[in-house]
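Engineer: Please find protein.cif (mmCIF, C-alpha atoms) on the next line:
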data_model
#
loop_
_atom_site.label_atom_id
_atom_site.label_comp_id
_atom_site.auth_asym_id
_atom_site.auth_seq_id
_atom_site.Cartn_x
_atom_site.Cartn_y
_atom_site.Cartn_z
CA MET A 1 10.54 33.79 4.24
CA GLN A 2 12.33 33.18 0.95
CA ARG A 3 11.26 30.35 -1.28
CA ARG A 4 13.94 27.75 -1.85
CA PRO A 5 14.16 26.10 -5.29
CA VAL A 6 14.86 22.37 -5.32
CA THR A 7 15.11 20.16 -8.40
CA PHE A 8 12.52 17.44 -8.87
CA ALA A 9 15.29 14.88 -9.34
CA ARG A 10 16.51 15.47 -5.79
CA ALA A 11 13.02 15.17 -4.40
CA CYS A 12 12.07 11.82 -5.95
CA GLY A 13 15.39 10.03 -5.55
CA ALA A 14 17.91 8.53 -7.90
CA LEU A 15 15.40 6.81 -10.17
CA CYS A 16 13.26 9.51 -11.68
CA TRP A 17 11.55 10.73 -14.82
CA PRO A 18 14.06 11.51 -17.56
CA PHE A 19 11.95 14.54 -18.52
CA ALA A 20 11.24 15.62 -14.94
CA ALA A 21 14.82 16.23 -13.90
CA ALA A 22 14.68 19.75 -15.27
CA MET A 23 11.49 20.61 -13.38
CA ALA A 24 11.83 22.77 -10.30
CA PHE A 25 9.66 23.28 -7.27
CA THR A 26 9.56 25.33 -4.11
CA ALA A 27 9.61 23.51 -0.78
CA SER A 28 9.08 24.94 2.67
CA ALA A 29 12.24 25.20 4.73
CA ALA A 30 10.12 24.83 7.87
CA GLY A 31 8.63 21.55 6.64
CA PRO A 32 5.05 20.51 5.92
CA VAL A 33 2.26 21.93 8.09
CA VAL A 34 -0.72 19.61 8.74
CA SER A 35 -4.06 21.24 9.60
CA ASP A 36 -7.38 19.66 10.60
CA THR A 37 -10.42 21.04 8.74
CA GLY A 38 -13.12 19.84 11.16
CA PHE A 39 -14.68 17.66 8.45
CA GLU A 40 -14.72 13.93 8.06
CA ILE A 41 -14.72 11.86 4.89
CA ILE A 42 -16.63 8.67 4.18
CA ALA A 43 -14.07 7.25 1.77
CA ARG A 44 -15.31 5.55 -1.39
CA THR A 45 -13.74 2.35 -2.70
CA LEU A 46 -13.63 2.75 -6.48
CA SER A 47 -13.58 6.51 -7.01
CA PRO A 48 -12.04 9.55 -5.28
CA SER A 49 -13.79 11.71 -2.71
CA LEU A 50 -11.36 14.67 -2.87
CA TYR A 51 -10.88 16.95 -5.90
CA TRP A 52 -8.76 20.10 -6.18
CA ILE A 53 -10.43 22.32 -8.77
CA ASP A 54 -7.43 24.66 -8.60
CA SER A 55 -4.46 25.14 -6.26
CA ASP A 56 -6.58 26.81 -3.54
CA ARG A 57 -10.02 25.19 -3.66
CA LEU A 58 -10.93 21.63 -2.76
CA LEU A 59 -14.28 20.08 -3.65
CA PHE A 60 -15.22 17.09 -1.51
CA GLU A 61 -18.04 14.94 -0.25
CA GLY A 62 -17.97 15.08 3.53
CA ILE A 63 -19.59 15.65 6.92
CA VAL A 64 -19.10 18.37 9.53
CA ARG A 65 -17.51 16.39 12.37
CA LYS A 66 -19.38 18.10 15.20
CA ASP A 67 -22.68 17.32 13.44
CA MET A 68 -21.74 13.64 13.18
CA ASP A 69 -20.72 13.59 16.86
CA ALA A 70 -24.14 14.97 17.80
CA ALA A 71 -25.90 12.45 15.55
CA LEU A 72 -23.98 9.58 17.10
CA SER A 73 -24.80 10.77 20.60
CA GLY A 74 -28.50 11.02 19.69
CA ARG A 75 -28.41 7.70 17.81
CA GLU A 76 -30.01 9.35 14.83
CA PRO A 77 -31.01 6.94 12.04
CA ASN A 78 -29.71 7.45 8.48
CA ARG A 79 -26.95 9.74 9.73
CA LEU A 80 -24.90 9.52 6.55
CA GLY A 81 -27.89 10.13 4.31
CA HIS A 82 -28.76 13.53 5.72
CA LEU A 83 -25.35 14.73 6.93
CA LYS A 84 -23.07 13.96 3.96
CA LYS A 85 -23.01 16.84 1.48
CA ILE A 86 -20.67 18.43 -1.04
CA TYR A 87 -18.46 21.22 0.33
CA LEU A 88 -15.89 23.60 -1.12
CA TRP A 89 -12.83 24.22 1.05
CA ASP A 90 -10.91 27.44 0.36
CA THR A 91 -7.35 27.38 1.71
CA ARG A 92 -7.13 31.18 1.54
CA ALA A 93 -10.04 31.52 3.96
CA GLY A 94 -9.19 28.37 5.90
CA SER A 95 -12.84 27.33 5.85
CA ALA A 96 -15.49 25.56 3.76
CA ARG A 97 -18.92 26.45 2.46
CA LEU A 98 -21.77 24.19 1.40
CA TYR A 99 -21.51 23.67 -2.35
CA ALA A 100 -24.45 21.34 -2.99
CA ASP A 101 -26.77 18.91 -1.28
CA GLY A 102 -25.73 15.99 -3.45
CA SER A 103 -23.78 12.75 -3.67
CA ALA A 104 -21.67 10.62 -6.05
CA LEU A 105 -19.34 13.56 -6.71
CA CYS A 106 -16.98 13.18 -9.64
CA VAL A 107 -14.70 15.74 -11.31
CA ALA A 108 -12.94 15.16 -14.63
CA ASN A 109 -11.29 17.50 -17.12
CA GLY A 110 -12.64 20.51 -15.19
CA VAL A 111 -16.24 19.26 -15.34
CA ILE A 112 -18.11 18.61 -12.07
CA ARG A 113 -20.83 15.98 -11.82
CA TYR A 114 -22.95 14.92 -8.86
CA THR A 115 -26.35 13.38 -8.13
CA VAL A 116 -29.08 15.41 -6.44
CA GLN A 117 -31.98 12.93 -6.53
CA VAL A 118 -32.50 9.23 -7.25
CA ASP A 119 -35.85 7.77 -8.29
CA GLY A 120 -35.50 4.02 -7.91
CA THR A 121 -39.05 3.34 -9.03
CA ALA A 122 -38.53 5.09 -12.35
CA SER A 123 -34.88 3.91 -12.59
CA LYS A 124 -33.67 7.44 -13.14
CA GLU A 125 -31.62 10.07 -11.37
CA ILE A 126 -31.34 13.82 -11.49
CA SER A 127 -27.80 15.08 -11.62
CA ARG A 128 -25.97 18.33 -12.23
CA ARG A 129 -22.99 18.65 -14.55
CA GLY A 130 -20.77 21.46 -15.81
CA LEU A 131 -17.91 23.78 -14.95
CA SER A 132 -17.72 25.01 -11.37
CA GLY A 133 -20.69 27.31 -10.71
CA GLN A 134 -22.15 26.58 -14.15
CA GLU A 135 -23.65 23.12 -13.62
CA THR A 136 -26.93 22.38 -15.35
CA GLU A 137 -29.54 19.81 -14.32
CA LEU A 138 -29.84 16.53 -16.22
CA GLU A 139 -32.26 13.61 -15.96
CA GLU A 140 -30.50 10.33 -16.72
CA PRO A 141 -30.92 6.55 -16.30
CA LEU A 142 -29.53 5.17 -13.05
CA ARG A 143 -25.77 4.63 -13.16
CA ALA A 144 -25.84 1.77 -10.65
CA GLY A 145 -24.54 -0.89 -13.03
CA GLU A 146 -22.00 1.13 -14.98
CA LYS A 147 -18.99 0.02 -12.96
CA LEU A 148 -19.59 -3.68 -13.67
CA ALA A 149 -17.62 -4.28 -16.86
CA SER A 150 -18.39 -7.48 -18.75
CA ALA A 151 -16.33 -9.10 -21.46
CA GLY A 152 -18.54 -8.36 -24.47
CA SER A 153 -17.45 -5.98 -27.24
CA ASP A 154 -20.37 -3.65 -26.45
CA ALA A 155 -19.85 -3.74 -22.68
CA ARG A 156 -19.56 -0.38 -20.99
CA VAL A 157 -16.47 0.31 -18.87
CA TYR A 158 -16.73 2.93 -16.14
CA SER A 159 -13.89 5.46 -16.05
CA SER A 160 -13.41 7.65 -13.00
CA PHE A 161 -11.06 9.74 -15.16
CA ASN A 162 -14.08 10.71 -17.29
CA CYS A 163 -16.95 10.34 -14.80
CA ALA A 164 -18.71 8.19 -17.38
CA ALA A 165 -19.21 4.68 -18.68
CA LEU A 166 -17.79 4.15 -22.15
CA SER A 167 -18.49 1.39 -24.65
CA ARG A 168 -15.54 -0.86 -25.50
CA SER A 169 -16.45 -0.75 -29.19
CA ALA A 170 -16.47 3.07 -29.15
CA LEU A 171 -12.90 3.32 -27.84
CA SER A 172 -10.10 4.21 -30.25
CA PRO A 173 -8.86 1.69 -31.20
CA PRO A 174 -11.80 -0.53 -30.17
CA ALA A 175 -10.99 -2.62 -27.10
CA ALA A 176 -10.93 -6.34 -27.71
CA PRO A 177 -13.57 -8.46 -25.95
CA GLY A 178 -12.55 -10.25 -22.76
CA ARG A 179 -9.75 -7.83 -21.85
CA ARG A 180 -9.15 -5.90 -18.62
CA ILE A 181 -9.52 -2.29 -19.78
CA LEU A 182 -8.78 0.92 -17.88
CA VAL A 183 -9.93 4.04 -19.74
CA LEU A 184 -7.72 7.09 -19.11
CA ARG A 185 -8.59 10.78 -19.39
CA ALA A 186 -10.26 12.00 -22.57
CA GLY A 187 -7.72 11.93 -25.40
CA ASP A 188 -5.21 9.76 -23.51
CA GLY A 189 -6.43 6.34 -24.62
CA TYR A 190 -6.68 3.27 -22.41
CA LEU A 191 -4.67 0.49 -20.77
CA ASP A 192 -5.01 -3.17 -21.69
CA ALA A 193 -3.98 -5.34 -18.71
CA GLY A 194 -4.54 -8.75 -20.27
CA PRO A 195 -7.50 -11.13 -20.22
CA ILE A 196 -10.20 -10.77 -17.57
CA ALA A 197 -10.18 -14.54 -16.94
CA VAL A 198 -7.25 -15.49 -14.68
CA ASP A 199 -6.46 -18.76 -16.47
CA GLU A 200 -6.31 -16.95 -19.82
CA ARG A 201 -4.08 -14.28 -18.29
CA ILE A 202 -1.68 -16.93 -16.98
CA ALA A 203 -1.56 -18.53 -20.44
CA GLU A 204 -0.80 -15.16 -22.06
CA ILE A 205 1.94 -14.43 -19.52
CA ARG A 206 3.57 -17.78 -20.28
CA ALA A 207 3.25 -17.25 -24.02
CA ARG A 208 4.68 -13.73 -23.98
CA ALA A 209 7.17 -14.22 -21.13
CA PRO A 210 6.08 -12.17 -19.23
CA GLY A 211 3.81 -9.81 -21.21
CA TYR A 212 3.28 -6.17 -20.30
CA VAL A 213 0.40 -3.80 -19.60
CA THR A 214 -0.14 -1.93 -22.86
CA LEU A 215 -1.13 1.67 -23.53
CA PHE A 216 -3.33 2.21 -26.59
CA ARG A 217 -3.45 5.78 -27.87
CA PRO A 218 -6.44 7.14 -29.83
CA GLY A 219 -6.23 6.30 -33.51
CA SER A 220 -3.19 4.03 -33.16
CA PRO A 221 -3.66 0.25 -33.37
CA SER A 222 -0.10 -0.35 -32.16
CA GLY A 223 0.11 -0.40 -28.37
CA ILE A 224 2.98 0.89 -26.24
CA LYS A 225 4.35 -1.54 -23.65
CA LEU A 226 4.58 0.02 -20.19
CA PRO A 227 7.26 -1.15 -17.71
CA PHE A 228 4.94 -3.25 -15.49
CA THR A 229 3.89 -6.78 -16.36
CA LEU A 230 0.51 -8.46 -16.75
CA ALA A 231 1.17 -10.33 -13.49
CA GLN A 232 1.72 -7.02 -11.67
CA GLY A 233 -1.38 -5.46 -13.19
CA PRO A 234 -1.90 -1.71 -13.71
CA GLY A 235 -2.38 -0.93 -10.02
CA TYR A 236 -4.80 1.92 -9.33
CA PRO A 237 -3.46 4.83 -11.41
CA VAL A 238 -4.18 8.42 -10.43
CA TYR A 239 -3.51 11.44 -12.61
CA SER A 240 -1.07 13.97 -11.17
CA GLU A 241 -1.73 17.49 -12.44
CA TYR A 242 1.53 18.52 -10.80
CA LEU A 243 3.60 15.93 -12.67
CA GLY A 244 1.45 15.96 -15.79
CA ALA A 245 1.38 12.18 -15.77
CA TYR A 246 -0.29 9.09 -14.33
CA VAL A 247 1.17 7.54 -11.18
CA THR A 248 0.58 3.96 -10.08
CA LEU A 249 1.88 1.26 -7.75
CA PRO A 250 1.32 -2.20 -9.28
CA GLU A 251 1.86 -5.48 -7.45
CA PRO A 252 5.44 -6.81 -6.98
CA LYS A 253 7.14 -8.43 -9.96
CA SER A 254 6.91 -11.79 -8.18
CA SER A 255 3.09 -11.65 -8.07
CA GLN A 256 0.87 -14.51 -9.19
CA PRO A 257 -2.30 -13.60 -11.15
CA GLY A 258 -5.46 -14.12 -9.12
CA VAL A 259 -3.57 -14.54 -5.83
CA LEU A 260 -3.96 -11.83 -3.19
CA ALA A 261 -0.88 -11.59 -0.98
CA PRO A 262 0.65 -8.92 1.28
CA TRP A 263 3.61 -6.94 -0.03
CA PRO A 264 6.77 -9.00 0.68
CA ARG A 265 8.49 -7.79 3.84
CA GLY A 266 11.70 -5.93 3.08
CA LEU A 267 10.97 -5.45 -0.64
CA PRO A 268 11.20 -1.80 -1.81
CA PHE A 269 8.19 -0.23 -3.55
CA THR A 270 8.50 0.68 -7.22
CA VAL A 271 6.19 3.56 -8.16
CA TYR A 272 5.66 3.86 -11.90
CA SER A 273 4.72 6.99 -13.81
CA PHE A 274 3.67 7.29 -17.43
CA ARG A 275 2.38 9.92 -19.81
CA ALA A 276 -0.16 9.54 -22.61
CA SER A 277 2.80 9.58 -25.02
CA GLY A 278 4.05 6.33 -23.45
CA GLU A 279 7.05 7.98 -21.80
CA ALA A 280 7.55 6.24 -18.46
CA GLY A 281 9.71 6.31 -15.38
CA GLU A 282 9.93 4.91 -11.89
CA VAL A 283 10.81 5.87 -8.33
CA VAL A 284 11.86 3.36 -5.67
CA ILE A 285 10.69 3.96 -2.08
CA PRO A 286 12.43 1.81 0.56
CA TYR A 287 10.60 -0.64 2.79
CA GLY A 288 10.30 0.41 6.43
CA GLU A 289 7.95 0.69 9.38
CA TRP A 290 5.38 2.15 6.97
CA GLY A 291 4.85 -1.37 5.58
CA GLY A 292 2.59 -1.62 2.52
CA LEU A 293 1.82 1.48 0.45
CA MET A 294 -1.76 2.35 -0.49
CA ALA A 295 -1.52 5.72 -2.21
CA VAL A 296 1.44 7.63 -3.64
CA GLN A 297 1.53 11.11 -5.19
CA PRO A 298 4.32 13.52 -6.16
CA THR A 299 4.37 16.90 -4.42
CA SER A 300 6.65 19.92 -4.27
CA ALA A 301 8.44 18.39 -1.27
CA GLY A 302 8.86 14.83 -2.56
CA TRP A 303 6.67 11.75 -2.83
CA MET A 304 3.80 11.67 -0.33
CA PHE A 305 2.46 8.23 0.47
CA ALA A 306 0.11 6.29 2.74
CA GLY A 307 1.78 3.55 4.74
CA GLN A 308 -0.34 0.69 6.11
CA GLY A 309 2.12 0.15 8.95
CA SER A 310 4.30 -2.78 9.94
CA PRO A 311 2.70 -3.61 12.34
CA ALA A 312 -0.58 -1.78 11.63
CA PRO A 313 -0.40 0.77 14.53
CA LYS A 314 2.57 2.33 12.72
CA ALA A 315 0.38 3.31 9.77
CA GLY A 316 0.52 6.94 8.71
CA LEU A 317 1.18 9.63 6.17
CA PHE A 318 4.80 9.81 5.02
CA MET A 319 7.04 11.85 2.72
CA PHE A 320 9.93 10.44 0.67
CA GLY A 321 12.49 12.93 -0.57
CA SER A 322 16.27 13.33 -0.81
CA GLY A 323 16.69 9.61 -0.16
CA SER A 324 14.92 9.49 3.20
CA VAL A 325 11.40 9.04 4.60
CA ARG A 326 9.72 11.07 7.33
CA ARG A 327 6.36 10.72 9.04
CA LEU A 328 3.87 13.59 8.64
CA ASP A 329 0.91 12.15 10.58
CA SER A 330 -0.17 8.91 12.24
CA GLY A 331 -3.24 6.91 11.24
CA PHE A 332 -4.75 4.96 8.37
CA VAL A 333 -4.80 7.03 5.16
CA TYR A 334 -7.60 6.35 2.68
CA GLU A 335 -6.92 9.02 0.08
CA ILE A 336 -4.45 11.71 -0.97
CA ALA A 337 -5.14 14.54 -3.44
CA VAL A 338 -2.44 17.05 -4.45
CA THR A 339 -2.93 20.54 -5.90
CA PRO A 340 -1.87 21.30 -9.49
CA ASP A 341 1.08 23.37 -8.20
CA GLY A 342 2.18 20.59 -5.84
CA CYS A 343 2.16 22.89 -2.83
CA ARG A 344 -0.76 21.38 -0.90
CA ALA A 345 -2.36 18.01 -0.30
CA ALA A 346 -5.75 17.00 1.04
CA VAL A 347 -5.69 13.79 3.05
CA ALA A 348 -8.45 11.54 4.40
CA ILE A 349 -6.95 9.90 7.50
CA LYS A 350 -8.35 7.92 10.43
CA ASN A 351 -6.09 9.00 13.27
CA ARG A 352 -7.57 6.90 16.09
CA LEU A 353 -7.09 3.43 14.66
CA LEU A 354 -8.38 1.44 17.63
CA GLU A 355 -11.76 3.21 17.95
CA ILE A 356 -14.66 1.70 15.98
CA ASN A 357 -16.52 4.98 15.45
CA ALA A 358 -13.44 7.17 15.06
CA PRO A 359 -13.82 9.61 12.13
CA THR A 360 -11.77 9.68 8.96
CA ASN A 361 -10.52 13.25 9.20
CA LEU A 362 -10.01 15.62 6.31
CA LYS A 363 -6.65 17.35 6.74
CA ILE A 364 -4.74 19.84 4.61
CA VAL A 365 -0.97 19.58 4.31
CA ASP A 366 0.78 22.81 3.30
CA LEU A 367 4.15 22.11 1.68
CA CYS A 368 5.31 25.51 0.42
CA THR A 369 6.53 28.68 2.02
CA GLU A 370 4.73 32.00 2.05
CA GLY A 371 4.48 33.91 -1.18
CA ARG A 372 3.58 30.86 -3.27
#
Written as structure tokens, how would this file's structure read?

Structural biologist:
Amino acid sequence: MQRRPVTFARACGALCWPFAAAMAFTASAAGPVVSDTGFEIIARTLSPSLYWIDSDRLLFEGIVRKDMDAALSGREPNRLGHLKKIYLWDTRAGSARLYADGSALCVANGVIRYTVQVDGTASKEISRRGLSGQETELEEPLRAGEKLASAGSDARVYSSFNCAALSRSALSPPAAPGRRILVLRAGDGYLDAGPIAVDERIAEIRARAPGYVTLFRPGSPSGIKLPFTLAQGPGYPVYSEYLGAYVTLPEPKSSQPGVLAPWPRGLPFTVYSFRASGEAGEVVIPYGEWGGLMAVQPTSAGWMFAGQGSPAPKAGLFMFGSGSVRRLDSGFVYEIAVTPDGCRAAVAIKNRLLEINAPTNLKIVDLCTEGR
């Protein structure tokens, strides 16, 4: 089967990156193929569980589904503790192998980090860190409190883009006290999303009418205003190796700071993208039966996203491209990870929504034709 070139501009719609229009990709004429791996994922809230270390190999923290089924039937205690391990899925073999008996997996800038033992009494943990297959063992203080960022100038801010907690005062330029800070990948700087305190954020929005999330680059005290406001917030950015940029879905422009509200019915979704240079763009995905969006990533076939469903039973995995949306799978999607070449995606999806103990399945979506 011949590979068919399609421009990125056609895939992501009329509103697209100014610099991405010249990019090209190869989409499958037969359409995406969704395959079940036989593993399940216990999705984490604040950090990813799925990491492509290249365009063929996926590193993930998961459980063999048949082992979990047996443990549930036998009512085994501490099922997650002894069943969840780190595996490496190889798409060429169509199978996975045990990579490590560990937890708290994190991958950043090609470096893998995971915990192999925790000693609560001594407040320390043993972890392994390094390039794939070259990890070395480290003994470190417990990381339990690193994700709780306080307002002080010396407070440490956890960054999933770096698998580490970084001091505000050590950032370049130093991050001001009392600000909501999101540290990007090493060398890319950080985002300032306004004051941590809601009342102070509201006052700043009124004073700056409306005020924007700002990108601070290393060594430059002058920030770059991004196209989403302080009221919208930065969303939950992910870095797309395929696009070479960060992708995020902030709250609607009509949002009120500190007020949690569902996405307004009928309002299209504006997905923002930005590079470390400050260059930014947006893509608009229409509102439909997919309801609210939870995760969005660019692929070689268009923009893949998780729809919460409107109503909820219509939740699923969708693809937006050439101005239209199509459903790829049904269920509640917790996470999407796309390969650097954009040709595959790993998805954590709970297909049987109405069952309490239904697994969150790990599936692979193949988007390109043979000969990739």

Engineer: List as an mmCIF file with C-alpha atoms, in the coordinates of the input the protein and nucleic acid residues near stretch 246-261 of chain A, meaning an atom at most 8 Å away when all atoms listed in the file are counted, but skip any in the same chain fewer than 3 places from it.

Structural biologist:
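selection36.cif written:
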data_model
loop_
_atom_site.group_PDB
_atom_site.id
_atom_site.type_symbol
_atom_site.label_atom_id
_atom_site.label_comp_id
_atom_site.auth_asym_id
_atom_site.auth_seq_id
_atom_site.Cartn_x
_atom_site.Cartn_y
_atom_site.Cartn_z
ATOM 1 C CA VAL A 198 -7.250 -15.490 -14.680
ATOM 2 C CA ARG A 201 -4.080 -14.280 -18.290
ATOM 3 C CA ILE A 202 -1.680 -16.930 -16.980
ATOM 4 C CA PHE A 228 4.940 -3.250 -15.490
ATOM 5 C CA THR A 229 3.890 -6.780 -16.360
ATOM 6 C CA ALA A 231 1.170 -10.330 -13.490
ATOM 7 C CA GLN A 232 1.720 -7.020 -11.670
ATOM 8 C CA GLY A 233 -1.380 -5.460 -13.190
ATOM 9 C CA PRO A 234 -1.900 -1.710 -13.710
ATOM 10 C CA GLY A 235 -2.380 -0.930 -10.020
ATOM 11 C CA TYR A 236 -4.800 1.920 -9.330
ATOM 12 C CA PRO A 237 -3.460 4.830 -11.410
ATOM 13 C CA VAL A 238 -4.180 8.420 -10.430
ATOM 14 C CA TYR A 239 -3.510 11.440 -12.610
ATOM 15 C CA SER A 240 -1.070 13.970 -11.170
ATOM 16 C CA PHE A 269 8.190 -0.230 -3.550
ATOM 17 C CA THR A 270 8.500 0.680 -7.220
ATOM 18 C CA VAL A 271 6.190 3.560 -8.160
ATOM 19 C CA TYR A 272 5.660 3.860 -11.900
ATOM 20 C CA SER A 273 4.720 6.990 -13.810
ATOM 21 C CA PHE A 274 3.670 7.290 -17.430
ATOM 22 C CA ARG A 275 2.380 9.920 -19.810
ATOM 23 C CA ALA A 295 -1.520 5.720 -2.210
ATOM 24 C CA VAL A 296 1.440 7.630 -3.640
ATOM 25 C CA GLN A 297 1.530 11.110 -5.190
#

Engineer: What is the atom CA of A:Phe332-atom CA of A:Leu59 distance in Å, reported with one decimal?

Structural biologist: 21.5 Å

Engineer: Go ahead and compute the interatomic distance for atom CA of A:Leu317 and atom CA of A:Asp329, in Å to one decimal.

Structural biologist: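 Computing it gives 5.1 Å between the two atoms.
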
Engineer: Considering all atoms listed in the file, state which residue in the set A:Val116, A:Val34, A:Ala276, A:Glu200 is at the smallest distance from A:Ser330.

Structural biologist: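 Residue with the minimum atom-to-atom distance to A:Ser330: A:Val34.
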
Engineer: Counting only C-alpha atoms, which of A:Ser73, A:Ser47, A:Asn78, A:Ser220 gets nearest to A:Asn162?

Structural biologist: A:Ser47

Engineer: To one decimal place, how far is atom CA of A:Ser127 from atom CA of A:Cys163 in Å?

Structural biologist: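 Atom CA of A:Ser127 sits 12.3 Å away from atom CA of A:Cys163.
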
Engineer: Would you kindly return, as a list in words, each protein, DNA or RNA residue with an atom no farther than 8 Å from any atom of A:Asn351, considering all atoms listed in the file and excluding same-chain residues fewer than 5 positions away?

Structural biologist: Ser330, Gly331, Phe332, Ala358, Pro359, Thr360 and Asn361 of chain A

Engineer: Decode the PyMOL selection byres ((chain A and resi 167-176) around 9) for the given file into explicit residues and return them as a ChimeraX atom specification.

Structural biologist: /A:151-158,165-166,177-179,181,183,189-190,192,216-221

Engineer: Looking at only C-alpha atoms, which of A:Trp290, A:Phe161, A:Phe320, A:Tyr212 is the one that sits closest to A:Leu46?

Structural biologist: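 Answer, going by the shortest atom-to-atom distance: A:Phe161.
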
Engineer: Which residues match the PyMOL selection byres ((chain A and resi 57) around 7) in the file above, as a list in words?

Structural biologist: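 This file gives the following for the PyMOL selection byres ((chain A and resi 57) around 7): Trp52, Ile53, Asp54, Ser55, Asp56, Leu58, Leu59, Leu88, Trp89, Asp90 and Thr91 of chain A.
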
Engineer: Restricting the calculation to all atoms listed in the file, which member of A:Leu267, A:Ile356, A:Leu72, A:Ala315 is positioned closest to A:Glu289?

Structural biologist: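 Ranking A:Leu267, A:Ile356, A:Leu72, A:Ala315 by distance to A:Glu289, first place goes to A:Ala315.
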